[in-house]
>>> print(open('start-v7.tsv').read())   # TSV, N, CA and C atoms
chain	number	residue	atom	x	y	z
S	1	MET	N	-28.16	97.28	-72.11
S	1	MET	CA	-28.07	95.93	-72.61
S	1	MET	C	-27.37	95.07	-71.55
S	2	ILE	N	-27.89	93.86	-71.36
S	2	ILE	CA	-27.24	92.89	-70.49
S	2	ILE	C	-27.07	91.58	-71.27
S	3	LYS	N	-26.19	90.74	-70.74
S	3	LYS	CA	-26.07	89.38	-71.23
S	3	LYS	C	-26.40	88.46	-70.06
S	4	ALA	N	-27.18	87.45	-70.34
S	4	ALA	CA	-27.56	86.50	-69.31
S	4	ALA	C	-27.31	85.09	-69.82
S	5	TYR	N	-26.78	84.26	-68.94
S	5	TYR	CA	-26.48	82.88	-69.29
S	5	TYR	C	-27.41	81.96	-68.50
S	6	ILE	N	-28.12	81.11	-69.19
S	6	ILE	CA	-28.99	80.13	-68.55
S	6	ILE	C	-28.43	78.74	-68.84
S	7	ASN	N	-28.14	78.00	-67.78
S	7	ASN	CA	-27.80	76.59	-67.90
S	7	ASN	C	-28.92	75.83	-67.21
S	8	ALA	N	-29.80	75.24	-68.00
S	8	ALA	CA	-31.01	74.62	-67.46
S	8	ALA	C	-30.70	73.35	-66.68
S	9	ILE	N	-29.71	72.60	-67.10
S	9	ILE	CA	-29.40	71.34	-66.45
S	9	ILE	C	-28.78	71.58	-65.07
S	10	ASP	N	-27.91	72.60	-64.98
S	10	ASP	CA	-27.30	72.96	-63.70
S	10	ASP	C	-28.18	73.93	-62.91
S	11	ALA	N	-29.31	74.33	-63.47
S	11	ALA	CA	-30.24	75.28	-62.83
S	11	ALA	C	-29.50	76.55	-62.39
S	12	ARG	N	-28.88	77.21	-63.38
S	12	ARG	CA	-28.08	78.39	-63.08
S	12	ARG	C	-28.41	79.53	-64.04
S	13	LEU	N	-28.58	80.71	-63.48
S	13	LEU	CA	-28.75	81.95	-64.25
S	13	LEU	C	-27.64	82.89	-63.80
S	14	THR	N	-26.85	83.36	-64.75
S	14	THR	CA	-25.81	84.35	-64.45
S	14	THR	C	-26.09	85.58	-65.29
S	15	ILE	N	-26.17	86.72	-64.61
S	15	ILE	CA	-26.47	87.99	-65.29
S	15	ILE	C	-25.21	88.84	-65.33
S	16	HIS	N	-24.93	89.34	-66.50
S	16	HIS	CA	-23.81	90.26	-66.72
S	16	HIS	C	-24.42	91.62	-67.10
S	17	ASN	N	-24.50	92.53	-66.13
S	17	ASN	CA	-25.06	93.85	-66.41
S	17	ASN	C	-24.14	94.68	-67.30
S	18	ASN	N	-22.86	94.34	-67.31
S	18	ASN	CA	-21.90	94.98	-68.22
S	18	ASN	C	-21.71	94.03	-69.40
S	19	PRO	N	-22.31	94.31	-70.55
S	19	PRO	CA	-22.22	93.39	-71.69
S	19	PRO	C	-20.80	93.22	-72.22
S	20	ASN	N	-19.90	94.13	-71.85
S	20	ASN	CA	-18.51	94.03	-72.30
S	20	ASN	C	-17.62	93.32	-71.28
S	21	CYS	N	-18.23	92.77	-70.27
S	21	CYS	CA	-17.50	92.05	-69.23
S	21	CYS	C	-16.63	90.97	-69.87
S	22	ASP	N	-15.37	90.92	-69.47
S	22	ASP	CA	-14.46	89.92	-70.04
S	22	ASP	C	-14.98	88.50	-69.84
S	23	SER	N	-15.56	88.25	-68.70
S	23	SER	CA	-16.07	86.90	-68.42
S	23	SER	C	-17.16	86.51	-69.40
S	24	ALA	N	-18.07	87.42	-69.70
S	24	ALA	CA	-19.15	87.14	-70.66
S	24	ALA	C	-18.58	86.96	-72.06
S	25	GLN	N	-17.60	87.76	-72.43
S	25	GLN	CA	-17.01	87.68	-73.76
S	25	GLN	C	-16.30	86.35	-73.96
S	26	ILE	N	-15.56	85.93	-72.95
S	26	ILE	CA	-14.77	84.70	-73.04
S	26	ILE	C	-15.68	83.47	-73.09
S	27	ARG	N	-16.75	83.50	-72.32
S	27	ARG	CA	-17.59	82.31	-72.17
S	27	ARG	C	-18.50	82.04	-73.37
S	28	ILE	N	-18.85	83.06	-74.11
S	28	ILE	CA	-19.69	82.84	-75.28
S	28	ILE	C	-18.83	82.28	-76.40
S	29	ASN	N	-19.14	81.09	-76.84
S	29	ASN	CA	-18.41	80.54	-77.97
S	29	ASN	C	-19.38	80.24	-79.11
S	30	GLN	N	-18.86	79.95	-80.25
S	30	GLN	CA	-19.69	79.82	-81.44
S	30	GLN	C	-20.61	78.62	-81.41
S	31	ASP	N	-20.32	77.65	-80.55
S	31	ASP	CA	-21.16	76.45	-80.49
S	31	ASP	C	-22.37	76.63	-79.58
S	32	GLN	N	-22.41	77.71	-78.82
S	32	GLN	CA	-23.52	77.91	-77.90
S	32	GLN	C	-24.65	78.69	-78.55
S	33	ARG	N	-25.85	78.36	-78.12
S	33	ARG	CA	-27.00	79.11	-78.61
S	33	ARG	C	-26.97	80.51	-78.01
S	34	THR	N	-27.23	81.49	-78.85
S	34	THR	CA	-27.29	82.88	-78.43
S	34	THR	C	-28.53	83.50	-79.05
S	35	VAL	N	-29.31	84.19	-78.22
S	35	VAL	CA	-30.54	84.80	-78.70
S	35	VAL	C	-30.53	86.28	-78.34
S	36	LEU	N	-30.73	87.13	-79.33
S	36	LEU	CA	-30.87	88.56	-79.12
S	36	LEU	C	-32.35	88.87	-78.96
S	37	ILE	N	-32.68	89.51	-77.85
S	37	ILE	CA	-34.08	89.91	-77.62
S	37	ILE	C	-34.10	91.42	-77.43
S	38	ASN	N	-34.86	92.08	-78.29
S	38	ASN	CA	-35.02	93.53	-78.23
S	38	ASN	C	-36.47	93.86	-78.61
S	39	THR	N	-36.75	95.12	-78.85
S	39	THR	CA	-38.14	95.51	-79.15
S	39	THR	C	-38.65	94.84	-80.42
S	40	ASP	N	-37.77	94.56	-81.36
S	40	ASP	CA	-38.19	93.93	-82.61
S	40	ASP	C	-38.48	92.44	-82.45
S	41	SER	N	-37.80	91.78	-81.53
S	41	SER	CA	-37.92	90.32	-81.42
S	41	SER	C	-38.64	89.84	-80.17
S	42	LEU	N	-39.05	90.74	-79.29
S	42	LEU	CA	-39.61	90.34	-77.99
S	42	LEU	C	-40.79	89.39	-78.12
S	43	SER	N	-41.80	89.74	-78.87
S	43	SER	CA	-42.99	88.89	-78.99
S	43	SER	C	-42.65	87.52	-79.56
S	44	ARG	N	-41.86	87.51	-80.61
S	44	ARG	CA	-41.47	86.25	-81.25
S	44	ARG	C	-40.70	85.35	-80.28
S	45	GLU	N	-39.73	85.93	-79.58
S	45	GLU	CA	-38.90	85.13	-78.68
S	45	GLU	C	-39.68	84.67	-77.44
S	46	LEU	N	-40.56	85.51	-76.91
S	46	LEU	CA	-41.40	85.06	-75.79
S	46	LEU	C	-42.26	83.87	-76.22
S	47	ARG	N	-42.80	83.95	-77.40
S	47	ARG	CA	-43.61	82.85	-77.93
S	47	ARG	C	-42.77	81.58	-78.04
S	48	ARG	N	-41.55	81.72	-78.52
S	48	ARG	CA	-40.66	80.55	-78.66
S	48	ARG	C	-40.34	79.93	-77.31
S	49	PHE	N	-40.07	80.76	-76.30
S	49	PHE	CA	-39.79	80.23	-74.97
S	49	PHE	C	-41.03	79.58	-74.36
S	50	ARG	N	-42.19	80.19	-74.55
S	50	ARG	CA	-43.44	79.62	-74.01
S	50	ARG	C	-43.78	78.29	-74.66
S	51	LYS	N	-43.47	78.15	-75.94
S	51	LYS	CA	-43.79	76.92	-76.67
S	51	LYS	C	-42.68	75.87	-76.55
S	52	ASN	N	-41.67	76.16	-75.74
S	52	ASN	CA	-40.52	75.25	-75.56
S	52	ASN	C	-39.80	74.96	-76.87
S	53	ASP	N	-39.74	75.95	-77.75
S	53	ASP	CA	-38.98	75.79	-78.98
S	53	ASP	C	-37.48	75.62	-78.69
S	54	TYR	N	-37.03	76.20	-77.58
S	54	TYR	CA	-35.65	76.00	-77.14
S	54	TYR	C	-35.66	74.83	-76.17
S	55	ARG	N	-35.23	73.69	-76.65
S	55	ARG	CA	-35.21	72.49	-75.80
S	55	ARG	C	-33.94	72.47	-74.98
S	56	PHE	N	-34.03	71.94	-73.78
S	56	PHE	CA	-32.88	71.83	-72.90
S	56	PHE	C	-32.76	70.40	-72.42
S	57	VAL	N	-31.64	69.79	-72.76
S	57	VAL	CA	-31.34	68.43	-72.34
S	57	VAL	C	-29.86	68.37	-71.95
S	58	ALA	N	-29.49	67.31	-71.23
S	58	ALA	CA	-28.12	67.14	-70.76
S	58	ALA	C	-27.21	66.70	-71.91
S	59	GLU	N	-26.96	67.63	-72.81
S	59	GLU	CA	-26.16	67.35	-74.00
S	59	GLU	C	-25.48	68.65	-74.41
S	60	THR	N	-24.24	68.57	-74.80
S	60	THR	CA	-23.51	69.77	-75.22
S	60	THR	C	-24.28	70.51	-76.31
S	61	GLY	N	-24.41	71.81	-76.11
S	61	GLY	CA	-25.13	72.64	-77.07
S	61	GLY	C	-26.63	72.69	-76.85
S	62	MET	N	-27.13	71.84	-75.97
S	62	MET	CA	-28.58	71.81	-75.71
S	62	MET	C	-28.92	72.05	-74.24
S	63	ASN	N	-27.90	72.28	-73.41
S	63	ASN	CA	-28.15	72.46	-71.99
S	63	ASN	C	-28.13	73.91	-71.55
S	64	ASP	N	-27.75	74.81	-72.46
S	64	ASP	CA	-27.62	76.21	-72.06
S	64	ASP	C	-27.96	77.15	-73.21
S	65	ILE	N	-28.04	78.44	-72.85
S	65	ILE	CA	-28.33	79.47	-73.85
S	65	ILE	C	-27.83	80.81	-73.31
S	66	TRP	N	-27.30	81.63	-74.19
S	66	TRP	CA	-26.94	83.01	-73.86
S	66	TRP	C	-28.04	83.93	-74.37
S	67	LEU	N	-28.44	84.86	-73.52
S	67	LEU	CA	-29.43	85.86	-73.90
S	67	LEU	C	-28.75	87.22	-73.96
S	68	ILE	N	-28.98	87.93	-75.03
S	68	ILE	CA	-28.54	89.32	-75.13
S	68	ILE	C	-29.82	90.13	-75.12
S	69	LEU	N	-30.05	90.83	-74.02
S	69	LEU	CA	-31.29	91.57	-73.82
S	69	LEU	C	-30.99	93.05	-73.98
S	70	ASP	N	-31.60	93.67	-74.97
S	70	ASP	CA	-31.25	95.05	-75.33
S	70	ASP	C	-32.50	95.93	-75.41
S	71	PHE	N	-32.81	96.56	-74.27
S	71	PHE	CA	-33.97	97.46	-74.20
S	71	PHE	C	-33.59	98.82	-73.63
S	72	GLN	N	-32.30	99.05	-73.37
S	72	GLN	CA	-31.84	100.30	-72.76
S	72	GLN	C	-32.52	100.55	-71.41
S	73	ASP	N	-32.85	99.45	-70.71
S	73	ASP	CA	-33.51	99.54	-69.40
S	73	ASP	C	-33.07	98.31	-68.59
S	74	GLY	N	-32.04	98.52	-67.78
S	74	GLY	CA	-31.46	97.41	-67.02
S	74	GLY	C	-32.44	96.70	-66.11
S	75	GLU	N	-33.33	97.45	-65.49
S	75	GLU	CA	-34.31	96.84	-64.59
S	75	GLU	C	-35.23	95.89	-65.35
S	76	PHE	N	-35.72	96.34	-66.51
S	76	PHE	CA	-36.59	95.48	-67.33
S	76	PHE	C	-35.81	94.27	-67.85
S	77	GLU	N	-34.58	94.50	-68.29
S	77	GLU	CA	-33.77	93.41	-68.83
S	77	GLU	C	-33.51	92.33	-67.77
S	78	ASN	N	-33.23	92.75	-66.53
S	78	ASN	CA	-33.03	91.79	-65.44
S	78	ASN	C	-34.32	91.03	-65.15
S	79	ALA	N	-35.44	91.74	-65.13
S	79	ALA	CA	-36.73	91.08	-64.88
S	79	ALA	C	-37.04	90.08	-65.99
S	80	LEU	N	-36.73	90.44	-67.22
S	80	LEU	CA	-36.97	89.55	-68.36
S	80	LEU	C	-36.09	88.31	-68.26
S	81	ALA	N	-34.83	88.46	-67.85
S	81	ALA	CA	-33.95	87.31	-67.68
S	81	ALA	C	-34.53	86.34	-66.65
S	82	HIS	N	-35.04	86.87	-65.56
S	82	HIS	CA	-35.66	86.02	-64.52
S	82	HIS	C	-36.93	85.35	-65.05
S	83	TYR	N	-37.71	86.06	-65.82
S	83	TYR	CA	-38.93	85.48	-66.39
S	83	TYR	C	-38.58	84.35	-67.37
S	84	LEU	N	-37.59	84.56	-68.21
S	84	LEU	CA	-37.19	83.52	-69.17
S	84	LEU	C	-36.63	82.31	-68.43
S	85	LYS	N	-35.91	82.54	-67.34
S	85	LYS	CA	-35.43	81.43	-66.51
S	85	LYS	C	-36.61	80.63	-65.99
S	86	ARG	N	-37.65	81.32	-65.56
S	86	ARG	CA	-38.84	80.64	-65.05
S	86	ARG	C	-39.51	79.81	-66.15
S	87	LEU	N	-39.59	80.35	-67.36
S	87	LEU	CA	-40.17	79.59	-68.47
S	87	LEU	C	-39.33	78.36	-68.79
S	88	VAL	N	-38.02	78.51	-68.79
S	88	VAL	CA	-37.14	77.38	-69.06
S	88	VAL	C	-37.28	76.32	-67.97
S	89	GLY	N	-37.43	76.78	-66.73
S	89	GLY	CA	-37.50	75.86	-65.60
S	89	GLY	C	-38.78	75.07	-65.48
S	90	LYS	N	-39.83	75.51	-66.15
S	90	LYS	CA	-41.09	74.78	-66.08
S	90	LYS	C	-40.88	73.36	-66.59
S	91	GLY	N	-41.28	72.41	-65.79
S	91	GLY	CA	-41.17	71.02	-66.20
S	91	GLY	C	-39.83	70.39	-65.88
S	92	LEU	N	-38.86	71.18	-65.42
S	92	LEU	CA	-37.58	70.62	-65.02
S	92	LEU	C	-37.59	70.36	-63.52
S	93	GLU	N	-36.91	69.32	-63.09
S	93	GLU	CA	-36.86	68.99	-61.66
S	93	GLU	C	-36.26	70.12	-60.84
S	94	SER	N	-35.34	70.87	-61.43
S	94	SER	CA	-34.63	71.92	-60.70
S	94	SER	C	-35.37	73.25	-60.69
S	95	ALA	N	-36.59	73.27	-61.15
S	95	ALA	CA	-37.31	74.53	-61.37
S	95	ALA	C	-37.35	75.43	-60.13
S	96	GLY	N	-37.43	74.86	-58.95
S	96	GLY	CA	-37.57	75.70	-57.75
S	96	GLY	C	-36.28	76.07	-57.08
S	97	SER	N	-35.16	75.51	-57.51
S	97	SER	CA	-33.91	75.71	-56.78
S	97	SER	C	-32.78	76.23	-57.67
S	98	TRP	N	-33.02	77.30	-58.36
S	98	TRP	CA	-32.03	77.86	-59.28
S	98	TRP	C	-31.00	78.68	-58.51
S	99	ASP	N	-29.77	78.61	-58.99
S	99	ASP	CA	-28.69	79.45	-58.50
S	99	ASP	C	-28.65	80.68	-59.40
S	100	VAL	N	-28.93	81.86	-58.83
S	100	VAL	CA	-28.95	83.09	-59.60
S	100	VAL	C	-27.79	83.96	-59.11
S	101	GLN	N	-26.94	84.35	-60.05
S	101	GLN	CA	-25.79	85.19	-59.72
S	101	GLN	C	-25.76	86.41	-60.62
S	102	VAL	N	-25.43	87.54	-60.02
S	102	VAL	CA	-25.18	88.75	-60.80
S	102	VAL	C	-23.68	88.93	-60.80
S	103	HIS	N	-23.07	88.76	-61.96
S	103	HIS	CA	-21.61	88.78	-62.04
S	103	HIS	C	-21.07	90.20	-62.02
S	104	CYS	N	-21.68	91.09	-62.76
S	104	CYS	CA	-21.17	92.46	-62.83
S	104	CYS	C	-22.32	93.43	-63.07
>>> encode(input="start-v7.tsv", output="structure tokens")
Amino acid sequence: MIKAYINAIDARLTIHNNPNCDSAQIRINQDQRTVLINTDSLSRELRRFRKNDYRFVAETGMNDIWLILDFQDGEFENALAHYLKRLVGKGLESAGSWDVQVHC
């Protein structure tokens, strides 16, 4: 399982390969959108991202999202985080110039 943070307005993806990382725990607060994606929710959540159901605008609570990706396969989870970043970036001016960091 990994946690990934997408801030669409700042064009930033941060991946936490250790889901218990103190930084990831501290940064997730109750006001932020958090989406769990696993084998049960993958199709539904991919559809939601493709249809832009998660809107991103320069407004608190609407500019970012935390992803909890749980497939017991770190390589797939990282690839999925990058794919979701690409879906979010479609139509945004910053789509080609994202800052991608692997924190832990």
>>> atom_distance(input="start-v7.tsv", atom1="atom C of Leu92 of chain S", atom2="atom N of Trp66 of chain S")
18.6 Å
>>> residues_around(input="start-v7.tsv", residues="segment 13-16 of chain S", least_positions_apart="4", cutoff="5 Å", atoms="all atoms listed in the file", output="list in words")
Ile2, Lys3, Ala4, Tyr5, Ile6, Asp99, Val100, Gln101, Val102, His103 and Cys104 of chain S
>>> atom_distance(input="start-v7.tsv", atom1="atom C of Phe49 of chain S", atom2="atom C of Ala24 of chain S")
23.7 Å
>>> closest_residue(input="start-v7.tsv", among="S:Ala11, S:Ile68, S:Val88, S:Ala79", to="Arg50 of chain S", atoms="all atoms listed in the file")
S:Val88
>>> select_by_dssp(input="start-v7.tsv", residues="chain S", states="strand (DSSP E or B)", output="JSON, numbers by chain")
{"S": [2, 3, 4, 5, 6, 7, 12, 13, 14, 15, 16, 34, 35, 36, 37, 38, 64, 65, 66, 67, 68, 69, 70, 99, 100, 101, 102]}
>>> residues_near_point(input="start-v7.tsv", point="(-32.6, 91.7, -70.3)", cutoff="6 Å", atoms="all atoms listed in the file", output="list in words")
Ile2, Ile68, Leu69, Asp70, Phe76, Glu77, Asn78, Ala79, Leu80 and Ala81 of chain S
>>> closest_residue(input="start-v7.tsv", among="S:Gly89, S:Asn20, S:Ile26, S:Asn38", to="Gln72 of chain S", atoms="only N, CA and C atoms")
S:Asn38
>>> atom_distance(input="start-v7.tsv", atom1="atom N of Thr39 of chain S", atom2="atom N of Ser97 of chain S")
29.0 Å
>>> closest_residue(input="start-v7.tsv", among="S:Arg33, S:Asn7, S:Leu67, S:Leu87", to="Pro19 of chain S", atoms="only C-alpha atoms")
S:Leu67
>>> select_by_dssp(input="start-v7.tsv", residues="chain S", states="alpha helix (DSSP H)", output="VMD selection string")
chain S and resid 22 to 27 42 to 50 74 to 89
